[in-house]
file my_file_18.txt (compact mmCIF, C-alpha atoms)
# COMPACT_ATOMS: atom_id res chain seq x y z
CA MET V 1 -1.16 -35.62 116.94
CA ILE V 2 -2.48 -32.99 114.61
CA TYR V 3 0.79 -32.95 112.69
CA SER V 4 0.81 -36.73 112.18
CA GLY V 5 -2.80 -36.67 110.91
CA LEU V 6 -1.97 -34.09 108.23
CA LEU V 7 1.03 -36.10 107.15
CA GLN V 8 -1.06 -39.25 106.69
CA ALA V 9 -3.64 -37.31 104.60
CA GLN V 10 -0.95 -36.02 102.17
CA VAL V 11 0.54 -39.50 101.80
CA GLN V 12 -2.90 -40.89 100.98
CA LEU V 13 -3.48 -38.14 98.37
CA CYS V 14 -0.16 -38.86 96.63
CA ALA V 15 -0.97 -42.56 96.53
CA ASN V 16 -4.32 -41.87 94.85
CA ARG V 17 -2.61 -39.72 92.17
CA ILE V 18 -0.04 -42.43 91.43
CA LYS V 19 -2.79 -44.99 90.97
CA THR V 20 -4.59 -42.62 88.54
CA PHE V 21 -1.44 -42.16 86.39
CA ILE V 22 -0.82 -45.90 86.33
CA TRP V 23 -4.36 -46.67 85.13
CA ALA V 24 -4.18 -43.92 82.48
CA GLY V 25 -0.90 -45.30 81.15
CA PHE V 26 -2.32 -48.83 81.11
CA ILE V 27 -5.39 -47.76 79.15
CA GLY V 28 -3.24 -45.82 76.60
CA LEU V 29 -0.97 -48.84 76.12
CA LEU V 30 -4.01 -51.05 75.60
CA LEU V 31 -5.37 -48.70 72.89
CA ILE V 32 -2.04 -48.73 71.07
CA LEU V 33 -1.98 -52.51 71.09
CA VAL V 34 -5.54 -52.69 69.84
CA SER V 35 -4.82 -50.26 67.00
CA GLY V 36 -1.68 -52.17 66.06
CA CYS V 37 -3.66 -55.33 65.68
CA SER V 38 -6.15 -53.76 63.23
CA PRO V 39 -6.06 -55.03 59.60
CA ASP V 40 -3.79 -53.13 57.03
CA GLU V 41 -5.17 -50.72 54.39
CA PRO V 42 -5.50 -52.22 50.89
CA THR V 43 -2.45 -51.34 48.70
CA ASP V 44 -3.74 -52.39 45.29
CA LYS V 45 -5.47 -49.07 44.40
CA PRO V 46 -4.58 -47.82 40.80
CA ILE V 47 -2.08 -44.89 40.60
CA GLN V 48 -3.66 -41.72 39.17
CA LEU V 49 -1.47 -40.48 36.24
CA PRO V 50 -1.19 -36.70 35.78
CA GLU V 51 -3.29 -35.49 32.87
CA VAL V 52 -1.78 -33.17 30.25
CA LYS V 53 -3.12 -31.71 27.04
CA VAL V 54 -1.03 -32.39 23.96
CA MET V 55 -1.09 -31.57 20.25
CA THR V 56 0.42 -33.55 17.40
CA VAL V 57 2.94 -31.55 15.40
CA THR V 58 2.17 -31.25 11.68
CA ALA V 59 4.19 -29.57 8.95
CA LYS V 60 2.43 -27.14 6.62
CA THR V 61 3.12 -24.34 4.15
CA VAL V 62 2.71 -20.87 5.61
CA PRO V 63 3.38 -17.38 4.26
CA ASP V 64 6.59 -15.74 5.44
CA GLU V 65 5.68 -12.07 5.64
CA PRO V 66 8.30 -9.85 7.28
CA GLU V 67 7.34 -6.29 8.17
CA PHE V 68 9.44 -3.16 7.71
CA ILE V 69 9.05 0.52 8.54
CA GLY V 70 8.57 2.68 5.46
CA LYS V 71 8.24 6.34 4.55
CA THR V 72 5.93 7.68 1.86
CA GLU V 73 7.26 9.85 -0.95
CA ALA V 74 5.75 11.67 -3.89
CA PHE V 75 6.16 9.94 -7.22
CA ARG V 76 7.67 13.06 -8.78
CA PRO V 77 8.58 16.01 -6.53
CA VAL V 78 9.11 18.70 -9.22
CA GLU V 79 10.92 21.97 -8.44
CA ILE V 80 9.58 25.14 -10.00
CA ARG V 81 12.40 27.55 -10.97
CA SER V 82 12.47 30.50 -13.32
CA GLN V 83 14.60 30.45 -16.46
CA VAL V 84 14.97 34.25 -16.35
CA SER V 85 15.74 36.86 -13.72
CA GLY V 86 13.18 39.53 -13.03
CA ILE V 87 10.32 40.82 -10.90
CA ILE V 88 7.28 38.63 -10.25
CA GLN V 89 4.28 40.40 -11.72
CA ASP V 90 1.50 37.86 -11.01
CA VAL V 91 0.77 34.54 -9.25
CA PHE V 92 -2.07 32.50 -10.79
CA PHE V 93 -2.52 29.46 -8.51
CA THR V 94 -3.95 28.78 -5.06
CA GLU V 95 -1.40 27.34 -2.67
CA GLY V 96 -1.87 23.76 -1.52
CA ARG V 97 -4.31 22.87 -4.32
CA ASN V 98 -4.14 20.51 -7.26
CA VAL V 99 -2.87 21.85 -10.56
CA LYS V 100 -2.89 20.34 -14.02
CA GLN V 101 -0.03 20.10 -16.46
CA GLY V 102 0.12 23.35 -18.43
CA ASP V 103 -1.63 25.54 -15.81
CA LYS V 104 -0.19 29.05 -15.45
CA LEU V 105 1.73 29.56 -12.20
CA TYR V 106 3.86 32.76 -12.27
CA LEU V 107 4.37 35.74 -14.56
CA ILE V 108 7.71 37.56 -14.60
CA ASN V 109 7.48 41.19 -15.81
CA PRO V 110 7.78 40.63 -19.61
CA VAL V 111 8.38 44.23 -20.74
CA PRO V 112 12.21 44.22 -20.82
CA PHE V 113 12.27 40.79 -22.40
CA LYS V 114 9.81 41.84 -25.10
CA ALA V 115 11.95 44.86 -25.90
CA ILE V 116 15.04 42.71 -26.28
CA TYR V 117 13.13 40.32 -28.49
CA GLU V 118 11.94 43.09 -30.78
CA ALA V 119 15.47 44.44 -31.00
CA MET V 120 16.74 41.02 -32.00
CA LYS V 121 14.06 40.77 -34.67
CA ALA V 122 15.18 44.09 -36.11
CA LYS V 123 18.80 42.98 -36.05
CA VAL V 124 17.92 39.85 -37.99
CA THR V 125 16.11 41.95 -40.61
CA GLN V 126 19.15 44.22 -40.84
CA GLN V 127 21.53 41.32 -41.36
CA LYS V 128 19.28 39.85 -44.01
CA ALA V 129 19.37 43.14 -45.92
CA ARG V 130 23.16 43.32 -45.71
CA LEU V 131 23.44 39.73 -46.94
CA VAL V 132 21.32 40.61 -50.00
CA GLN V 133 23.54 43.61 -50.69
CA VAL V 134 26.85 41.73 -50.55
CA GLU V 135 25.48 38.86 -52.62
CA GLN V 136 24.42 41.32 -55.34
CA ASN V 137 27.86 42.93 -55.25
CA LEU V 138 29.53 39.53 -55.69
CA ALA V 139 27.23 38.81 -58.64
CA ARG V 140 28.38 42.06 -60.33
CA VAL V 141 32.14 41.64 -59.91
CA ARG V 142 32.46 38.04 -61.00
CA PRO V 143 31.66 38.71 -64.74
CA LEU V 144 34.00 41.70 -64.67
CA LEU V 145 36.91 39.47 -63.67
CA LYS V 146 36.68 37.63 -67.01
CA GLN V 147 36.84 40.97 -68.79
CA GLN V 148 39.81 41.93 -66.58
CA ALA V 149 37.84 44.97 -65.44
CA VAL V 150 38.43 44.07 -61.76
CA SER V 151 41.20 42.22 -59.98
CA GLN V 152 41.03 38.82 -58.33
CA LYS V 153 41.30 40.58 -54.98
CA ASP V 154 38.10 42.47 -55.61
CA VAL V 155 36.29 39.18 -56.20
CA ASP V 156 37.82 37.58 -53.10
CA ASP V 157 36.78 40.57 -50.99
CA ALA V 158 33.22 40.28 -52.27
CA VAL V 159 33.13 36.55 -51.40
CA ALA V 160 34.44 37.28 -47.89
CA GLU V 161 31.78 39.93 -47.36
CA VAL V 162 29.07 37.41 -48.29
CA LEU V 163 30.42 34.85 -45.84
CA SER V 164 30.68 37.49 -43.13
CA ALA V 165 27.13 38.65 -43.73
CA LYS V 166 25.84 35.08 -43.48
CA ALA V 167 27.67 34.57 -40.19
CA ALA V 168 26.28 37.83 -38.83
CA LEU V 169 22.78 36.76 -39.86
CA ASP V 170 23.19 33.41 -38.08
CA ALA V 171 24.33 35.17 -34.91
CA ALA V 172 21.42 37.59 -35.05
CA GLN V 173 18.96 34.73 -35.53
CA ASN V 174 20.42 32.89 -32.53
CA ASP V 175 20.10 36.04 -30.44
CA GLN V 176 16.49 36.25 -31.56
CA ILE V 177 15.88 32.64 -30.49
CA LYS V 178 17.39 33.37 -27.07
CA ALA V 179 15.29 36.51 -26.70
CA LYS V 180 12.15 34.60 -27.69
CA PHE V 181 13.03 31.87 -25.16
CA ASP V 182 13.44 34.44 -22.37
CA LEU V 183 10.21 36.17 -23.30
CA ASP V 184 8.27 32.89 -23.37
CA ASN V 185 9.70 31.89 -19.97
CA THR V 186 8.42 34.99 -18.27
CA LEU V 187 5.21 32.95 -18.01
CA ILE V 188 5.85 29.83 -15.92
CA TYR V 189 3.58 26.81 -16.42
CA ALA V 190 3.05 23.62 -14.36
CA PRO V 191 5.26 20.92 -15.92
CA VAL V 192 3.29 18.02 -14.33
CA LYS V 193 -0.04 17.29 -12.72
CA GLY V 194 0.02 17.27 -8.92
CA ARG V 195 -0.42 19.29 -5.73
CA ILE V 196 1.44 22.57 -5.48
CA SER V 197 3.00 23.67 -2.23
CA ARG V 198 3.30 27.05 -0.56
CA SER V 199 5.00 29.69 -2.70
CA ASN V 200 8.39 31.01 -1.65
CA PHE V 201 8.01 34.28 -3.56
CA TYR V 202 5.15 36.61 -4.42
CA GLN V 203 4.34 39.70 -6.52
CA GLY V 204 7.00 42.38 -6.55
CA GLN V 205 9.88 40.17 -5.47
CA LEU V 206 13.07 39.80 -7.48
CA ILE V 207 14.10 36.30 -8.47
CA SER V 208 17.27 34.95 -10.09
CA ALA V 209 17.32 32.68 -13.09
CA GLN V 210 17.63 28.94 -12.31
CA THR V 211 18.85 29.45 -8.72
CA THR V 212 15.67 30.70 -7.05
CA LEU V 213 13.27 27.92 -5.96
CA LEU V 214 9.78 29.30 -6.43
CA ASN V 215 7.73 26.26 -5.44
CA THR V 216 7.37 22.48 -5.68
CA ILE V 217 4.69 20.25 -7.18
CA ASP V 218 4.23 16.75 -5.75
CA GLN V 219 2.84 14.20 -8.16
CA LEU V 220 0.67 12.01 -5.91
CA ASP V 221 -0.49 9.29 -8.28
CA PRO V 222 1.21 6.89 -8.03
CA MET V 223 3.07 7.14 -4.70
CA TYR V 224 6.35 5.66 -3.45
CA VAL V 225 7.12 4.03 -0.10
CA THR V 226 10.79 3.50 0.71
CA VAL V 227 11.84 0.84 3.24
CA ASN V 228 15.22 -0.01 4.77
CA VAL V 229 16.04 -3.72 5.05
CA PRO V 230 18.73 -4.75 7.58
CA GLU V 231 21.79 -6.56 6.26
CA SER V 232 21.24 -9.31 8.85
CA TYR V 233 17.84 -10.07 7.31
CA LEU V 234 19.32 -10.25 3.81
CA LEU V 235 22.02 -12.69 4.92
CA ARG V 236 19.59 -14.89 6.85
CA ARG V 237 17.18 -14.93 3.91
CA ARG V 238 19.96 -15.94 1.54
CA HIS V 239 20.83 -18.96 3.71
CA GLU V 240 17.16 -19.94 4.04
CA LEU V 241 16.69 -19.80 0.25
CA ALA V 242 19.82 -21.90 -0.29
CA GLU V 243 18.62 -24.49 2.25
CA GLY V 244 15.09 -24.60 0.80
CA LYS V 245 13.47 -23.33 4.00
CA VAL V 246 11.73 -20.51 2.13
CA GLN V 247 10.63 -19.93 -1.46
CA ARG V 248 9.98 -16.68 -3.28
CA PRO V 249 9.52 -15.33 -6.83
CA ASP V 250 11.72 -12.68 -8.44
CA ILE V 251 12.10 -9.79 -5.99
CA PHE V 252 10.41 -7.35 -8.36
CA GLN V 253 7.26 -9.47 -8.18
CA LEU V 254 7.00 -9.09 -4.40
CA ARG V 255 3.99 -7.18 -3.10
CA GLY V 256 3.67 -4.85 -0.15
CA VAL V 257 0.68 -4.31 2.15
CA MET V 258 0.71 -0.88 3.77
CA THR V 259 -0.59 -0.21 7.29
CA PHE V 260 -0.97 3.32 8.65
CA SER V 261 -0.13 4.46 12.17
CA ASP V 262 -3.77 4.06 13.27
CA GLY V 263 -3.82 0.40 12.22
CA SER V 264 -5.88 0.89 9.06
CA VAL V 265 -4.75 -1.03 5.97
CA TYR V 266 -4.46 0.64 2.57
CA PRO V 267 -6.74 -1.16 0.08
CA GLU V 268 -4.22 -1.15 -2.78
CA LYS V 269 -1.14 -3.38 -2.79
CA GLY V 270 2.18 -1.98 -3.88
CA ILE V 271 4.87 -3.66 -5.96
CA LEU V 272 8.61 -3.56 -5.37
CA ASP V 273 10.06 -1.59 -8.28
CA PHE V 274 13.53 -0.65 -7.04
CA ALA V 275 16.29 -2.03 -4.80
CA ALA V 276 19.45 -0.08 -4.05
CA VAL V 277 22.76 -1.31 -5.46
CA THR V 278 24.78 -0.82 -2.26
CA ILE V 279 24.16 -1.17 1.47
CA SER V 280 24.41 2.08 3.40
CA SER V 281 27.62 2.20 5.42
CA ALA V 282 25.95 4.56 7.90
CA THR V 283 22.92 2.38 8.70
CA GLY V 284 23.88 -1.09 7.47
CA MET V 285 20.64 -1.31 5.52
CA LEU V 286 19.59 -1.76 1.91
CA GLN V 287 16.90 0.57 0.59
CA GLY V 288 13.93 -0.74 -1.35
CA ARG V 289 11.01 1.10 -2.91
CA PHE V 290 7.37 0.10 -3.44
CA LYS V 291 5.04 1.83 -5.88
CA PHE V 292 1.38 2.21 -4.83
CA SER V 293 -1.50 3.34 -6.96
CA ASN V 294 -3.17 6.40 -5.46
CA PRO V 295 -6.22 7.38 -7.55
CA GLU V 296 -7.36 9.70 -4.76
CA GLY V 297 -4.25 11.82 -5.27
CA ASP V 298 -6.33 13.89 -7.70
CA PHE V 299 -8.96 14.58 -5.06
CA LEU V 300 -9.16 17.76 -3.04
CA PRO V 301 -6.71 18.06 -0.10
CA GLY V 302 -7.94 16.11 2.92
CA GLN V 303 -9.56 13.35 0.85
CA SER V 304 -6.41 11.37 0.05
CA TYR V 305 -5.39 8.23 1.94
CA PHE V 306 -1.80 9.25 2.45
CA TYR V 307 0.64 12.10 1.96
CA PRO V 308 4.39 12.31 1.37
CA GLY V 309 6.39 12.07 4.57
CA GLN V 310 4.20 9.58 6.48
CA PHE V 311 5.70 6.66 8.39
CA VAL V 312 3.92 3.38 7.64
CA LYS V 313 4.46 -0.37 7.95
CA ILE V 314 5.03 -2.50 4.88
CA ARG V 315 4.27 -6.23 5.11
CA LEU V 316 6.01 -8.20 2.39
CA GLU V 317 3.91 -10.71 0.45
CA GLY V 318 5.06 -13.41 -1.96
CA ILE V 319 7.46 -15.47 0.23
CA ILE V 320 6.31 -18.85 1.55
CA ARG V 321 7.81 -21.29 4.06
CA PRO V 322 7.08 -24.94 3.18
CA ASN V 323 7.19 -27.70 5.82
CA ALA V 324 6.85 -25.17 8.62
CA ILE V 325 6.17 -26.42 12.15
CA LEU V 326 3.93 -24.18 14.27
CA ILE V 327 2.94 -24.82 17.88
CA PRO V 328 1.00 -22.67 20.37
CA GLN V 329 3.05 -20.08 22.20
CA ARG V 330 2.06 -21.53 25.56
CA ALA V 331 3.76 -24.81 24.63
CA VAL V 332 7.17 -23.12 24.43
CA GLN V 333 8.93 -22.62 27.77
CA GLN V 334 11.98 -20.48 28.47
CA SER V 335 15.12 -21.24 30.45
CA PRO V 336 18.55 -19.61 30.77
CA ALA V 337 19.76 -22.07 28.12
CA GLY V 338 17.00 -21.08 25.65
CA SER V 339 13.59 -22.31 24.53
CA PHE V 340 12.34 -25.81 25.26
CA VAL V 341 9.19 -27.96 25.10
CA PHE V 342 7.94 -31.17 26.70
CA VAL V 343 7.42 -34.03 24.24
CA ILE V 344 5.35 -37.15 24.98
CA ASP V 345 7.02 -40.28 23.58
CA LYS V 346 5.37 -43.54 22.46
CA GLU V 347 5.28 -44.82 26.05
CA ASP V 348 3.44 -41.68 27.22
CA LYS V 349 6.51 -40.48 29.11
CA VAL V 350 7.61 -36.87 29.29
CA GLU V 351 10.78 -35.89 27.42
CA PHE V 352 12.57 -32.53 27.74
CA ARG V 353 13.45 -31.11 24.31
CA SER V 354 15.41 -27.97 23.41
CA VAL V 355 14.02 -26.13 20.36
CA LYS V 356 14.74 -23.05 18.26
CA ALA V 357 11.69 -20.79 18.17
CA SER V 358 12.19 -17.86 15.80
CA THR V 359 9.00 -16.08 14.72
CA TRP V 360 5.46 -15.52 15.94
CA TYR V 361 2.54 -16.42 13.68
CA GLY V 362 -0.45 -15.02 15.53
CA ASN V 363 -0.63 -17.17 18.69
CA GLU V 364 1.91 -19.71 17.48
CA TRP V 365 5.68 -20.08 17.42
CA LEU V 366 7.58 -21.10 14.32
CA ILE V 367 9.94 -23.92 15.37
CA GLU V 368 12.98 -24.01 13.11
CA SER V 369 14.67 -27.00 14.77
CA GLY V 370 14.12 -29.49 17.58
CA LEU V 371 10.73 -30.91 16.56
CA ASP V 372 9.58 -33.27 13.82
CA SER V 373 6.20 -33.78 12.26
CA GLY V 374 4.11 -36.38 14.12
CA GLU V 375 5.53 -35.76 17.61
CA ARG V 376 3.27 -34.85 20.51
CA VAL V 377 3.94 -31.64 22.44
CA VAL V 378 2.53 -30.70 25.86
CA VAL V 379 0.41 -27.55 25.70
CA GLU V 380 -1.25 -27.52 29.14
CA GLY V 381 -0.53 -29.18 32.48
CA PHE V 382 3.17 -28.34 32.94
CA HIS V 383 2.90 -28.03 36.75
CA ARG V 384 1.96 -31.75 37.02
CA ILE V 385 4.87 -33.23 35.06
CA GLN V 386 8.61 -33.61 34.95
CA SER V 387 11.01 -35.32 32.58
CA GLY V 388 10.68 -39.13 32.58
CA VAL V 389 7.24 -39.22 34.25
CA LYS V 390 4.43 -41.19 32.61
CA VAL V 391 1.31 -39.14 31.97
CA SER V 392 -2.20 -39.37 30.62
CA ALA V 393 -2.23 -37.42 27.33
CA VAL V 394 -5.49 -35.92 26.04
CA PRO V 395 -5.93 -33.90 22.83
CA TYR V 396 -5.60 -30.14 23.04
CA GLU V 397 -8.51 -28.21 21.51
CA GLN V 398 -6.68 -25.36 19.84
CA ALA V 399 -9.74 -23.58 18.45
CA ALA V 400 -11.47 -23.46 21.84
CA ALA V 401 -8.29 -22.24 23.49
CA SER V 402 -7.86 -19.51 20.89
CA ASN V 403 -11.46 -18.33 21.43
CA LYS V 404 -10.91 -18.32 25.18
CA LEU V 405 -7.73 -16.27 24.76
CA GLN V 406 -9.49 -13.78 22.48
CA ASN V 407 -12.37 -13.44 24.95
CA ASN V 408 -9.93 -12.79 27.77
CA GLN V 409 -8.12 -10.17 25.71
CA THR V 410 -11.43 -8.53 24.80
CA SER V 411 -12.55 -8.40 28.43
CA GLN V 412 -9.21 -6.87 29.42
CA LYS V 413 -9.59 -4.16 26.78
CA ILE V 414 -13.13 -3.38 27.98
CA GLN V 415 -11.93 -3.13 31.56
call {"tool": "encode", "arguments": {"input": "my_file_18.txt", "output": "structure tokens"}}
result
Amino acid sequence: MIYSGLLQAQVQLCANRIKTFIWAGFIGLLLILVSGCSPDEPTDKPIQLPEVKVMTVTAKTVPDEPEFIGKTEAFRPVEIRSQVSGIIQDVFFTEGRNVKQGDKLYLINPVPFKAIYEAMKAKVTQQKARLVQVEQNLARVRPLLKQQAVSQKDVDDAVAEVLSAKAALDAAQNDQIKAKFDLDNTLIYAPVKGRISRSNFYQGQLISAQTTLLNTIDQLDPMYVTVNVPESYLLRRRHELAEGKVQRPDIFQLRGVMTFSDGSVYPEKGILDFAAVTISSATGMLQGRFKFSNPEGDFLPGQSYFYPGQFVKIRLEGIIRPNAILIPQRAVQQSPAGSFVFVIDKEDKVEFRSVKASTWYGNEWLIESGLDSGERVVVEGFHRIQSGVKVSAVPYEQAAASNKLQNNQTSQKIQ
């Protein structure tokens, strides 16, 4: 009896659970039917077009100013050498200071040279006396020949002695000139105005004529800056000139702006005054030279703007690029195939366009091919577009964007 009662209770419990599941399923089905009968959402809402910022391309004339690395040189680096051999007796200058043309620099012991000079003077006097004697002898024998008191040979011998005496006098005078030259060159003067370097020899040291380098004087006003221009640049420039992409005056009217290693700009502009005839086979470059005025070259050491041997940058002025197309750098995208931009056509649709971007002008790219004046280029909003999609184009405020970029760069430097 007990067992049958428990069995009936379990059967009743299972029946109650089945009823609960059936009602739950019925209610869920009813909710689905009710929701399916609800009215549809309206489908006539306007489609929101992606917004992009664009700029209209315009052609303008811009300066084409390439930059090259240059090295400063003295206008005239003059070597100081002695014309005579001897012992240095005195040094008159202060090393590393400015000297004027004609200032005394070195004195070679003049005593032996003065003795030789005096001996040559005496020899000249002696030869003059002998010449007078033989001329008087010739004057005596010539009348005697008419009287047949002397032979023709005696007269010829007298003439030969006169000629010999004149030749000896000329030789003695030349020796005197050489002795005077040596004596005068025992005192060495500055041949130019400039800054004298450290001396290689001092008092008491023996030097050899013409071979011993005593010192150098660098003439610092004006100054030279030599630059090396790659052959590839020269060839590209020639093609651009032939195609009318760039314009320039005669090369010897080109100007150079010099920038030092600390970023400071020299106030004077240089002028190109020399271009090498041949390209160096070792470097593949053509050398050019700019001449800069340097009035401070006469100042005391430490007050000049630049010195020989400095490395500087030379920015070339005088070349212009007419009909140049410049667009912001952010508008130019890169791919494995090269540079490209997104152009908005007349129907406000996006068009993919390959371009050739060659040079930076501040925050802009110079576009040599691929874009025409009047076309619209996407500058901002690339993540919302793709080729063929219609967009909402709004003008790009370039000035505001440039200020924002400069402020960001400034804040990064401060940080």
call {"tool": "axis_aligned_box", "arguments": {"input": "my_file_18.txt", "around": "segment 162-174 of chain V", "padding_each_side": "4 Å", "output": "JSON"}}
result
{"center_x": 24.8, "center_y": 35.8, "center_z": -40.4, "size_x": 19.7, "size_y": 13.8, "size_z": 23.8}
call {"tool": "residues_around", "arguments": {"input": "my_file_18.txt", "residues": "Pro63 of chain V", "least_positions_apart": "5", "cutoff": "8 Å", "atoms": "all atoms listed in the file", "output": "ChimeraX atom specification"}}
result
/V:317-321
call {"tool": "residues_around", "arguments": {"input": "my_file_18.txt", "residues": "Val225 of chain V", "least_positions_apart": "6", "cutoff": "6 Å", "atoms": "all atoms listed in the file", "output": "PyMOL selection string"}}
result
chain V and resi 70-73+289-290
call {"tool": "residues_around", "arguments": {"input": "my_file_18.txt", "residues": "Val257 of chain V", "least_positions_apart": "4", "cutoff": "6 Å", "atoms": "all atoms listed in the file", "output": "ChimeraX atom specification"}}
result
/V:269,314-315
call {"tool": "write_last_selection", "arguments": {"input": "my_file_18.txt", "atoms": "C-alpha atoms", "output": "compact mmCIF listing (two decimals), keeping the file's coordinate frame"}}
result
# COMPACT_ATOMS: atom_id res chain seq x y z
CA LYS V 269 -1.14 -3.38 -2.79
CA ILE V 314 5.03 -2.50 4.88
CA ARG V 315 4.27 -6.23 5.11
call {"tool": "residues_around", "arguments": {"input": "my_file_18.txt", "residues": "Ser354 of chain V", "least_positions_apart": "5", "cutoff": "10 Å", "atoms": "all atoms listed in the file", "output": "list of chain:residue names"}}
result
V:Val332, V:Gln333, V:Gln334, V:Ser335, V:Ala337, V:Gly338, V:Ser339, V:Phe340, V:Val341, V:Phe342, V:Ser369, V:Gly370, V:Leu371
call {"tool": "closest_residue", "arguments": {"input": "my_file_18.txt", "among": "V:Gln310, V:Asn323, V:Ser358, V:Gln329", "to": "Ala59 of chain V", "atoms": "all atoms listed in the file"}}
result
V:Asn323
call {"tool": "closest_residue", "arguments": {"input": "my_file_18.txt", "among": "V:Leu254, V:Ile47, V:Ile108, V:Leu272", "to": "Gly204 of chain V", "atoms": "all atoms listed in the file"}}
result
V:Ile108
call {"tool": "closest_residue", "arguments": {"input": "my_file_18.txt", "among": "V:His239, V:Arg330, V:Lys146, V:Arg130", "to": "Tyr396 of chain V", "atoms": "only C-alpha atoms"}}
result
V:Arg330
call {"tool": "residues_around", "arguments": {"input": "my_file_18.txt", "residues": "Lys180 of chain V", "least_positions_apart": "5", "cutoff": "10 Å", "atoms": "all atoms listed in the file", "output": "PDB file with C-alpha atoms, keeping the file's coordinate frame"}}
result
ATOM      1  CA  PHE V 113      12.270  40.790 -22.400  1.00  0.00           C
ATOM      2  CA  LYS V 114       9.810  41.840 -25.100  1.00  0.00           C
ATOM      3  CA  ILE V 116      15.040  42.710 -26.280  1.00  0.00           C
ATOM      4  CA  TYR V 117      13.130  40.320 -28.490  1.00  0.00           C
ATOM      5  CA  GLU V 118      11.940  43.090 -30.780  1.00  0.00           C
ATOM      6  CA  MET V 120      16.740  41.020 -32.000  1.00  0.00           C
ATOM      7  CA  LYS V 121      14.060  40.770 -34.670  1.00  0.00           C
ATOM      8  CA  ASN V 174      20.420  32.890 -32.530  1.00  0.00           C
ATOM      9  CA  ASP V 175      20.100  36.040 -30.440  1.00  0.00           C
ATOM     10  CA  ASN V 185       9.700  31.890 -19.970  1.00  0.00           C
TER      11      ASN V 185
END
call {"tool": "atom_distance", "arguments": {"input": "my_file_18.txt", "atom1": "atom CA of Ala167 of chain V", "atom2": "atom CA of Arg142 of chain V"}}
result
21.6 Å
call {"tool": "closest_residue", "arguments": {"input": "my_file_18.txt", "among": "V:Val394, V:Ile196, V:Ile327, V:Val377", "to": "Asn363 of chain V", "atoms": "all atoms listed in the file"}}
result
V:Ile327
call {"tool": "closest_atom_pairs", "arguments": {"input": "my_file_18.txt", "of": "segment 43-116 of chain V", "to": "segment 188-192 of chain V", "cutoff": "12 Å", "atoms": "only C-alpha atoms", "output": "CSV"}}
result
residue,atom,partner,partner_atom,distance
V:Phe75,CA,V:Val192,CA,11.1
V:Arg76,CA,V:Val192,CA,8.6
V:Pro77,CA,V:Val192,CA,9.6
V:Val78,CA,V:Val192,CA,7.8
V:Glu79,CA,V:Pro191,CA,9.4
V:Ile80,CA,V:Ala190,CA,8.0
V:Arg81,CA,V:Ile188,CA,8.5
V:Ser82,CA,V:Ile188,CA,7.1
V:Gln83,CA,V:Ile188,CA,8.8
V:Val84,CA,V:Ile188,CA,10.1
V:Ile88,CA,V:Ile188,CA,10.6
V:Gln89,CA,V:Ile188,CA,11.5
V:Asp90,CA,V:Ile188,CA,10.4
V:Val91,CA,V:Ile188,CA,9.6
V:Phe92,CA,V:Tyr189,CA,9.8
V:Phe93,CA,V:Ala190,CA,10.0
V:Asn98,CA,V:Val192,CA,10.6
V:Val99,CA,V:Ala190,CA,7.3
V:Lys100,CA,V:Val192,CA,6.6
V:Gln101,CA,V:Val192,CA,4.5
V:Gly102,CA,V:Ala190,CA,5.0
V:Asp103,CA,V:Ala190,CA,5.3
V:Lys104,CA,V:Tyr189,CA,4.5
V:Leu105,CA,V:Tyr189,CA,5.4
V:Tyr106,CA,V:Ile188,CA,5.1
V:Leu107,CA,V:Ile188,CA,6.2
V:Ile108,CA,V:Ile188,CA,8.1
V:Asn109,CA,V:Ile188,CA,11.5
V:Pro110,CA,V:Ile188,CA,11.6
call {"tool": "build_atoms", "arguments": {"input": "my_file_18.txt", "residues": "segment 367-375 of chain V", "atoms": "N, CA and C atoms", "output": "mmCIF file, keeping the file's coordinate frame"}}
result
data_model
loop_
_atom_site.group_PDB
_atom_site.id
_atom_site.type_symbol
_atom_site.label_atom_id
_atom_site.label_comp_id
_atom_site.auth_asym_id
_atom_site.auth_seq_id
_atom_site.Cartn_x
_atom_site.Cartn_y
_atom_site.Cartn_z
ATOM 1 N N ILE V 367 8.830 -23.129 14.841
ATOM 2 C CA ILE V 367 9.940 -23.920 15.370
ATOM 3 C C ILE V 367 10.853 -24.291 14.204
ATOM 4 N N GLU V 368 12.052 -23.746 14.200
ATOM 5 C CA GLU V 368 12.980 -24.010 13.110
ATOM 6 C C GLU V 368 13.733 -25.315 13.298
ATOM 7 N N SER V 369 13.967 -25.753 14.527
ATOM 8 C CA SER V 369 14.670 -27.000 14.770
ATOM 9 C C SER V 369 14.293 -27.533 16.141
ATOM 10 N N GLY V 370 14.399 -28.870 16.299
ATOM 11 C CA GLY V 370 14.120 -29.490 17.580
ATOM 12 C C GLY V 370 12.867 -30.344 17.595
ATOM 13 N N LEU V 371 11.975 -30.148 16.617
ATOM 14 C CA LEU V 371 10.730 -30.910 16.560
ATOM 15 C C LEU V 371 10.540 -31.477 15.159
ATOM 16 N N ASP V 372 9.910 -32.639 15.096
ATOM 17 C CA ASP V 372 9.580 -33.270 13.820
ATOM 18 C C ASP V 372 8.077 -33.474 13.721
ATOM 19 N N SER V 373 7.617 -33.543 12.492
ATOM 20 C CA SER V 373 6.200 -33.780 12.260
ATOM 21 C C SER V 373 5.788 -35.117 12.847
ATOM 22 N N GLY V 374 4.623 -35.160 13.519
ATOM 23 C CA GLY V 374 4.110 -36.380 14.120
ATOM 24 C C GLY V 374 4.367 -36.494 15.608
ATOM 25 N N GLU V 375 5.253 -35.706 16.175
ATOM 26 C CA GLU V 375 5.530 -35.760 17.610
ATOM 27 C C GLU V 375 4.442 -35.041 18.384
#
